[in-house]
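> Sharing data.txt here; it has compact mmCIF, C-alpha atoms.
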```
# COMPACT_ATOMS: atom_id res chain seq x y z
CA MET A 109 104.96 54.08 73.01
CA CYS A 110 105.45 54.60 69.26
CA ALA A 111 107.68 51.54 68.80
CA SER A 112 107.87 48.00 70.11
CA THR A 113 110.84 45.65 70.38
CA VAL A 114 110.76 42.68 68.01
CA THR A 115 113.26 39.82 68.23
CA VAL A 116 114.20 37.91 65.07
CA ALA A 117 116.81 35.14 65.28
CA GLY A 118 118.15 36.63 68.51
CA VAL A 119 118.42 40.16 67.08
CA SER A 120 116.44 42.96 68.74
CA LEU A 121 114.85 45.51 66.41
CA LEU A 122 112.46 48.38 66.91
CA ALA A 123 109.13 47.93 65.14
CA ASP A 124 108.40 51.57 64.42
CA LEU A 125 104.87 52.95 64.26
CA SER A 126 105.68 54.07 60.72
CA GLY A 127 105.94 50.44 59.59
CA THR A 128 109.74 50.38 59.42
CA LEU A 129 112.25 48.33 61.41
CA PHE A 130 115.28 49.91 63.06
CA TRP A 131 118.26 47.75 64.05
CA GLU A 132 119.97 50.11 66.46
CA ALA A 133 123.17 48.06 66.88
CA GLN A 134 123.75 48.27 63.11
CA SER A 135 122.22 51.75 62.69
CA LEU A 136 120.09 50.13 59.97
CA LEU A 137 116.61 51.16 58.87
CA VAL A 138 114.50 48.65 56.89
CA VAL A 139 111.45 49.63 54.84
CA SER A 140 109.34 47.49 52.53
CA ASP A 141 107.04 47.85 49.54
CA LEU A 142 107.07 51.58 48.82
CA HIS A 143 105.32 51.00 45.46
CA LEU A 144 106.34 54.45 44.23
CA GLU A 145 104.39 55.76 41.21
CA LYS A 146 101.49 53.37 41.71
CA GLY A 147 99.12 56.26 41.02
CA SER A 148 100.69 57.02 37.64
CA SER A 149 100.74 53.32 36.80
CA PHE A 150 97.00 53.08 37.37
CA ALA A 151 96.39 56.30 35.46
CA ALA A 152 98.12 54.83 32.39
CA ARG A 153 95.51 52.06 32.48
CA GLY A 154 92.61 54.49 32.78
CA VAL A 155 92.12 54.17 36.56
CA LEU A 156 92.44 57.70 37.87
CA LEU A 157 93.88 58.11 41.35
CA PRO A 158 95.17 61.34 42.91
CA PRO A 159 98.79 61.55 41.72
CA TYR A 160 100.28 62.28 45.14
CA ASP A 161 101.25 58.83 46.42
CA THR A 162 104.97 59.16 45.68
CA VAL A 163 105.23 62.54 47.39
CA ALA A 164 103.34 61.25 50.43
CA THR A 165 105.35 58.03 50.68
CA LEU A 166 108.73 59.73 50.30
CA GLY A 167 107.72 62.44 52.77
CA ARG A 168 106.86 59.86 55.43
CA LEU A 169 110.08 57.96 54.79
CA ALA A 170 112.17 61.13 54.99
CA ALA A 171 110.62 61.88 58.39
CA VAL A 172 111.54 58.41 59.68
CA ILE A 173 115.09 58.75 58.37
CA THR A 174 115.44 62.14 60.04
CA ARG A 175 114.25 60.66 63.33
CA HIS A 176 116.57 57.61 63.37
CA ASP A 177 119.45 58.97 61.24
CA PRO A 178 120.56 55.47 60.14
CA ARG A 179 123.95 54.70 58.60
CA MET A 180 122.24 52.28 56.21
CA VAL A 181 118.79 51.91 54.65
CA ILE A 182 117.52 48.69 53.06
CA ALA A 183 114.39 48.92 50.89
CA LEU A 184 112.97 45.38 50.73
CA GLY A 185 111.73 45.31 47.14
CA ASP A 186 108.73 46.60 45.22
CA SER A 187 110.06 50.08 45.91
CA PHE A 188 108.58 50.96 42.50
CA HIS A 189 105.20 49.77 41.31
CA ASP A 190 106.31 48.65 37.85
CA ARG A 191 109.43 48.25 35.73
CA ASP A 192 109.23 51.80 34.32
CA ALA A 193 108.04 53.62 37.44
CA HIS A 194 111.47 55.07 38.23
CA ASP A 195 111.40 56.86 34.86
CA ARG A 196 108.18 58.65 35.89
CA LEU A 197 109.65 60.16 39.05
CA SER A 198 109.52 63.94 39.10
CA ALA A 199 112.70 65.95 39.50
CA ALA A 200 111.58 66.90 43.01
CA ASP A 201 111.03 63.27 43.99
CA ARG A 202 114.43 62.31 42.63
CA GLY A 203 115.88 65.09 44.75
CA THR A 204 114.12 63.75 47.84
CA ILE A 205 115.57 60.28 47.27
CA ALA A 206 119.06 61.70 46.72
CA SER A 207 118.76 63.74 49.92
CA MET A 208 117.78 60.66 51.93
CA GLN A 209 120.70 58.71 50.45
CA ALA A 210 123.29 61.39 51.27
CA ARG A 211 126.00 60.29 53.75
CA ARG A 212 124.56 56.80 54.21
CA ASP A 213 124.58 53.42 52.51
CA TRP A 214 121.41 52.58 50.62
CA ILE A 215 120.42 49.16 49.26
CA TRP A 216 117.51 48.53 46.92
CA ILE A 217 116.39 44.88 47.09
CA SER A 218 114.85 43.71 43.82
CA GLY A 219 111.15 42.83 44.01
CA ASN A 220 108.64 41.17 41.73
CA HIS A 221 107.33 44.60 40.62
CA ASP A 222 110.81 46.09 40.09
CA PRO A 223 113.23 43.26 39.23
CA ALA A 224 115.72 45.42 37.30
CA LEU A 225 116.46 48.76 38.93
CA PRO A 226 118.95 51.13 37.26
CA SER A 227 122.13 52.30 38.97
CA ARG A 228 121.22 55.95 38.39
CA LEU A 229 118.78 55.74 41.31
CA GLY A 230 121.79 55.85 43.61
CA GLY A 231 122.73 53.26 46.18
CA MET A 232 123.25 49.56 45.44
CA VAL A 233 120.88 46.99 43.96
CA ALA A 234 120.83 43.40 45.28
CA ASN A 235 118.60 40.34 45.25
CA GLU A 236 119.12 39.87 48.98
CA VAL A 237 121.51 40.94 51.72
CA ALA A 238 122.76 39.05 54.80
CA ILE A 239 123.95 40.91 57.90
CA GLY A 240 124.88 38.72 60.83
CA PRO A 241 122.10 36.12 61.32
CA ILE A 242 119.54 38.14 59.34
CA ALA A 243 118.79 37.72 55.62
CA PHE A 244 116.88 40.56 53.98
CA ARG A 245 114.89 39.64 50.87
CA HIS A 246 111.65 40.60 49.15
CA GLU A 247 109.61 37.39 49.02
CA PRO A 248 109.47 35.36 52.22
CA THR A 249 110.59 31.74 52.09
CA GLY A 250 110.10 30.83 55.75
CA ALA A 251 113.84 30.49 56.34
CA TYR A 252 115.26 31.07 59.81
CA GLY A 253 116.55 34.61 60.30
CA GLU A 254 114.63 36.02 57.36
CA ILE A 255 113.10 39.50 57.19
CA ALA A 256 110.97 39.95 54.07
CA GLY A 257 108.09 41.95 52.63
CA HIS A 258 105.89 41.24 49.60
CA LEU A 259 102.74 40.05 51.39
CA HIS A 260 101.66 43.39 52.92
CA PRO A 261 100.38 41.84 56.19
CA LYS A 262 97.38 43.40 57.89
CA ALA A 263 95.41 42.43 60.97
CA ARG A 264 91.69 42.73 61.56
CA VAL A 265 91.08 43.30 65.26
CA ALA A 266 87.74 43.48 67.05
CA THR A 267 87.52 46.21 69.67
CA ARG A 268 84.66 47.98 71.43
CA GLY A 269 82.03 46.28 69.32
CA ARG A 270 83.64 47.01 65.97
CA ALA A 271 86.50 45.70 63.87
CA MET A 272 89.50 47.62 62.52
CA GLU A 273 92.02 46.62 59.88
CA ARG A 274 95.57 47.85 60.31
CA ARG A 275 98.95 47.13 58.81
CA CYS A 276 101.18 44.94 60.96
CA PHE A 277 104.48 43.14 61.32
CA ALA A 278 104.13 39.36 61.48
CA THR A 279 106.76 37.34 63.33
CA ASP A 280 107.33 34.19 65.34
CA GLY A 281 110.73 35.26 66.67
CA GLU A 282 112.59 33.29 64.01
CA ARG A 283 111.49 35.20 60.92
CA ALA A 284 109.38 38.29 60.12
CA VAL A 285 107.25 39.78 57.36
CA MET A 286 107.09 43.56 57.21
CA PRO A 287 104.06 45.73 56.42
CA SER A 288 103.93 47.72 53.21
CA PHE A 289 104.95 51.37 53.51
CA GLY A 290 103.50 52.87 50.33
CA ALA A 291 100.58 55.28 50.48
CA TYR A 292 98.48 53.31 47.99
CA THR A 293 99.30 49.77 49.09
CA GLY A 294 96.67 47.35 50.34
CA GLY A 295 97.15 44.34 52.57
CA LEU A 296 96.71 40.60 53.02
CA SER A 297 95.09 39.26 56.18
CA ILE A 298 97.52 37.47 58.46
CA ARG A 299 94.88 34.75 58.73
CA ASP A 300 95.53 33.94 55.06
CA ALA A 301 97.08 30.54 54.29
CA ALA A 302 100.16 32.31 52.88
CA PHE A 303 101.25 33.21 56.42
CA ALA A 304 100.54 29.73 57.78
CA ARG A 305 102.92 28.35 55.15
CA ILE A 306 105.67 30.75 56.23
CA PHE A 307 105.35 30.34 59.98
CA GLY A 308 104.08 26.78 60.12
CA THR A 309 101.79 27.61 63.02
CA PRO A 310 98.92 30.05 63.71
CA GLY A 311 100.65 31.01 66.96
CA PHE A 312 102.83 33.77 65.54
CA MET A 313 102.49 37.39 66.65
CA ALA A 314 101.14 40.49 64.96
CA TYR A 315 102.63 43.86 65.84
CA VAL A 316 99.75 46.07 64.79
CA LEU A 317 100.25 49.72 63.83
CA GLY A 318 97.75 51.73 65.84
CA ASP A 319 97.14 55.46 65.97
CA THR A 320 99.72 56.21 68.67
CA ARG A 321 101.43 52.92 69.49
CA VAL A 322 102.29 49.45 68.24
CA HIS A 323 99.98 46.81 69.69
CA THR A 324 101.04 43.17 70.13
CA ILE A 325 98.46 40.44 69.58
CA THR A 326 98.56 36.77 68.61
CA ALA A 327 97.50 36.09 65.04
CA GLU A 328 94.94 33.61 66.37
CA ARG A 329 93.05 36.45 68.06
CA CYS A 330 92.68 38.41 64.83
CA CYS A 331 89.40 38.21 62.91
```
I need this file expressed as structure tokens, please.

Amino acid sequence: MCASTVTVAGVSLLADLSGTLFWEAQSLLVVSDLHLEKGSSFAARGVLLPPYDTVATLGRLAAVITRHDPRMVIALGDSFHDRDAHDRLSAADRGTIASMQARRDWIWISGNHDPALPSRLGGMVANEVAIGPIAFRHEPTGAYGEIAGHLHPKARVATRGRAMERRCFATDGERAVMPSFGAYTGGLSIRDAAFARIFGTPGFMAYVLGDTRVHTITAERCC
């Protein structure tokens, strides 16, 4: 299966193989850490990367939106890699964003990389949003009912004599941290102390994004 059911604070959501969450009852799609224009940000500092990350990231997101057709999209912060990244968007990329926003509500959550987003991007800008028992914010605090991003969780799993690192959702059923979605984003091991501080126990679960399905494994079993 290409999605797995995740429960957070009593709410059932689909952990999509793309790295997004879909709350079917609310027709809400949640995506985190797009880091658009990371390639151009690095290029400005003399680190040359192929300048196709924004096109790739938006293309993948558009495909997910087409598949789920949500009434609302929440982008959980660090949608842009730096404070000026939105100014470097091409006309075509702006058109892609506008197309995805058409006929649906769109909320940009402010992140540490993009704390002051302009209204001309379309949609609304907020520091956090609460819907029912769920609070959506960028940086996780460990609060009950929280869905956050920021940490880019990844899991290292040993299989068939070798180890693989994959992006993952991290959750203990009371709160969750989402994987990064951006094409050029890295990750932080779920065995890092940052996750222990959020969950308070090593017994939380990793929903690991495989090639064709989402795999569920306890964080303690990860390398």
> Using all atoms listed in the file, which of A:Phe303, A:Tyr315, A:Tyr160, A:Tyr252 sits nearest Glu145 in chain A?
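Result for the nearest residue to Glu145 in chain A: A:Tyr160.
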> Just checking: using all atoms listed in the file, which residue out of A:Val114, A:Ala278, A:Ala291, A:Ala314 ends up closest to Arg329 in chain A?
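The answer is A:Ala314, which sits nearest to Arg329 in chain A.
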> Return as a Markdown table the residues of range 256-314 of chain A lying at most 6 Å from range 244-249 of chain A, together with the closest atom-to-atom pair for each and the distance in Å to one decimal, counting all atoms listed in the file, with rows in chain order and ascending residue number.

```
| residue | atom | partner | partner_atom | distance |
| --- | --- | --- | --- | --- |
| A:Ala256 | CA | A:His246 | CA | 5.0 |
| A:Gly257 | CA | A:His246 | CA | 5.2 |
| A:His258 | CA | A:Glu247 | CA | 5.4 |
```
> Leaving out Ala304 in chain A and any residue of its chain fewer than 5 positions from it, which residues lie within 12 Å of it when counting all atoms listed in the file, given as a count of residues only?
16
> Find the residues near range 219-226 of chain A: any atom within 7 Å, counting all atoms listed in the file, skip ones fewer than 6 places away on the same chain, and give them as a VMD selection string.
chain A and resid 185 to 186 188 to 191 233 246
> For the selection you just gave me, I'd like the residues written to a file as an mmCIF file, in the frame of the given file, keeping C-alpha atoms.

```cif
data_model
loop_
_atom_site.group_PDB
_atom_site.id
_atom_site.type_symbol
_atom_site.label_atom_id
_atom_site.label_comp_id
_atom_site.auth_asym_id
_atom_site.auth_seq_id
_atom_site.Cartn_x
_atom_site.Cartn_y
_atom_site.Cartn_z
ATOM 1 C CA GLY A 185 111.730 45.310 47.140
ATOM 2 C CA ASP A 186 108.730 46.600 45.220
ATOM 3 C CA PHE A 188 108.580 50.960 42.500
ATOM 4 C CA HIS A 189 105.200 49.770 41.310
ATOM 5 C CA ASP A 190 106.310 48.650 37.850
ATOM 6 C CA ARG A 191 109.430 48.250 35.730
ATOM 7 C CA VAL A 233 120.880 46.990 43.960
ATOM 8 C CA HIS A 246 111.650 40.600 49.150
#
```
> Skipping near chain neighbours, those fewer than 6 positions away, what residues fall within 8 Å of Cys276 in chain A using all atoms listed in the file, listed as a PyMOL selection string?
chain A and resi 127+261-263+286-287+314-317
> Convert the current residue selection to file output with C-alpha atoms, as an mmCIF file, in the frame of the given file.

```
data_model
loop_
_atom_site.group_PDB
_atom_site.id
_atom_site.type_symbol
_atom_site.label_atom_id
_atom_site.label_comp_id
_atom_site.auth_asym_id
_atom_site.auth_seq_id
_atom_site.Cartn_x
_atom_site.Cartn_y
_atom_site.Cartn_z
ATOM 1 C CA GLY A 127 105.940 50.440 59.590
ATOM 2 C CA PRO A 261 100.380 41.840 56.190
ATOM 3 C CA LYS A 262 97.380 43.400 57.890
ATOM 4 C CA ALA A 263 95.410 42.430 60.970
ATOM 5 C CA MET A 286 107.090 43.560 57.210
ATOM 6 C CA PRO A 287 104.060 45.730 56.420
ATOM 7 C CA ALA A 314 101.140 40.490 64.960
ATOM 8 C CA TYR A 315 102.630 43.860 65.840
ATOM 9 C CA VAL A 316 99.750 46.070 64.790
ATOM 10 C CA LEU A 317 100.250 49.720 63.830
#
```
> If I only have part of range 171-182 of chain A, can you fill in all heavy atoms and write it as a compact mmCIF listing (two decimals), keeping the file's coordinate frame?

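The new file part_24.txt reads:
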```txt
# COMPACT_ATOMS: atom_id res chain seq x y z
N ALA A 171 110.82 61.56 56.98
CA ALA A 171 110.62 61.88 58.39
C ALA A 171 111.18 60.79 59.29
O ALA A 171 111.80 61.07 60.33
CB ALA A 171 109.13 62.08 58.67
N VAL A 172 111.01 59.52 58.89
CA VAL A 172 111.54 58.41 59.68
C VAL A 172 113.06 58.43 59.66
O VAL A 172 113.72 58.22 60.68
CB VAL A 172 111.01 57.06 59.14
CG1 VAL A 172 111.63 55.90 59.92
CG2 VAL A 172 109.50 56.99 59.23
N ILE A 173 113.64 58.70 58.49
CA ILE A 173 115.09 58.75 58.37
C ILE A 173 115.67 59.89 59.20
O ILE A 173 116.70 59.75 59.86
CB ILE A 173 115.50 58.86 56.89
CG1 ILE A 173 115.26 57.51 56.19
CG2 ILE A 173 116.97 59.28 56.74
CD1 ILE A 173 115.50 57.53 54.70
N THR A 174 115.00 61.02 59.21
CA THR A 174 115.44 62.14 60.04
C THR A 174 115.42 61.77 61.51
O THR A 174 116.33 62.11 62.28
CB THR A 174 114.55 63.36 59.79
OG1 THR A 174 114.69 63.79 58.43
CG2 THR A 174 114.92 64.51 60.71
N ARG A 175 114.40 61.03 61.92
CA ARG A 175 114.25 60.66 63.33
C ARG A 175 115.31 59.66 63.78
O ARG A 175 115.87 59.79 64.86
CB ARG A 175 112.85 60.09 63.54
CG ARG A 175 112.52 59.66 64.95
CD ARG A 175 111.03 59.81 65.23
NE ARG A 175 110.22 59.31 64.13
CZ ARG A 175 109.84 58.03 63.99
NH1 ARG A 175 110.24 57.13 64.86
NH2 ARG A 175 109.06 57.66 62.98
N HIS A 176 115.61 58.66 62.96
CA HIS A 176 116.57 57.61 63.37
C HIS A 176 117.99 57.88 62.89
O HIS A 176 118.93 57.34 63.47
CB HIS A 176 116.10 56.26 62.84
CG HIS A 176 114.88 55.72 63.52
ND1 HIS A 176 114.88 55.31 64.83
CD2 HIS A 176 113.61 55.54 63.06
CE1 HIS A 176 113.67 54.88 65.16
NE2 HIS A 176 112.89 55.01 64.11
N ASP A 177 118.15 58.66 61.82
CA ASP A 177 119.45 58.97 61.24
C ASP A 177 120.31 57.71 61.07
O ASP A 177 121.42 57.61 61.60
CB ASP A 177 120.20 59.99 62.11
CG ASP A 177 121.43 60.56 61.40
OD1 ASP A 177 121.47 60.52 60.15
OD2 ASP A 177 122.35 61.02 62.10
N PRO A 178 119.83 56.73 60.29
CA PRO A 178 120.56 55.47 60.14
C PRO A 178 121.81 55.63 59.27
O PRO A 178 121.88 56.51 58.41
CB PRO A 178 119.55 54.57 59.45
CG PRO A 178 118.72 55.52 58.64
CD PRO A 178 118.60 56.76 59.48
N ARG A 179 122.78 54.74 59.48
CA ARG A 179 123.95 54.70 58.60
C ARG A 179 123.63 53.95 57.31
O ARG A 179 124.28 54.15 56.29
CB ARG A 179 125.12 54.01 59.30
CG ARG A 179 125.75 54.80 60.42
CD ARG A 179 127.11 54.23 60.79
NE ARG A 179 127.03 52.83 61.18
CZ ARG A 179 126.90 52.41 62.44
NH1 ARG A 179 126.82 53.29 63.42
NH2 ARG A 179 126.85 51.12 62.71
N MET A 180 122.62 53.07 57.38
CA MET A 180 122.24 52.28 56.21
C MET A 180 120.72 52.16 56.14
O MET A 180 120.04 52.07 57.15
CB MET A 180 122.85 50.87 56.29
CG MET A 180 122.47 49.94 55.14
SD MET A 180 123.12 48.25 55.34
CE MET A 180 124.87 48.56 55.13
N VAL A 181 120.21 52.16 54.90
CA VAL A 181 118.79 51.91 54.65
C VAL A 181 118.69 50.75 53.67
O VAL A 181 119.40 50.72 52.65
CB VAL A 181 118.09 53.16 54.06
CG1 VAL A 181 116.64 52.82 53.66
CG2 VAL A 181 118.11 54.31 55.06
N ILE A 182 117.83 49.79 53.98
CA ILE A 182 117.52 48.69 53.06
C ILE A 182 116.05 48.79 52.69
O ILE A 182 115.18 48.79 53.57
CB ILE A 182 117.82 47.32 53.67
CG1 ILE A 182 119.31 47.16 53.95
CG2 ILE A 182 117.35 46.21 52.73
CD1 ILE A 182 119.68 45.84 54.60
```
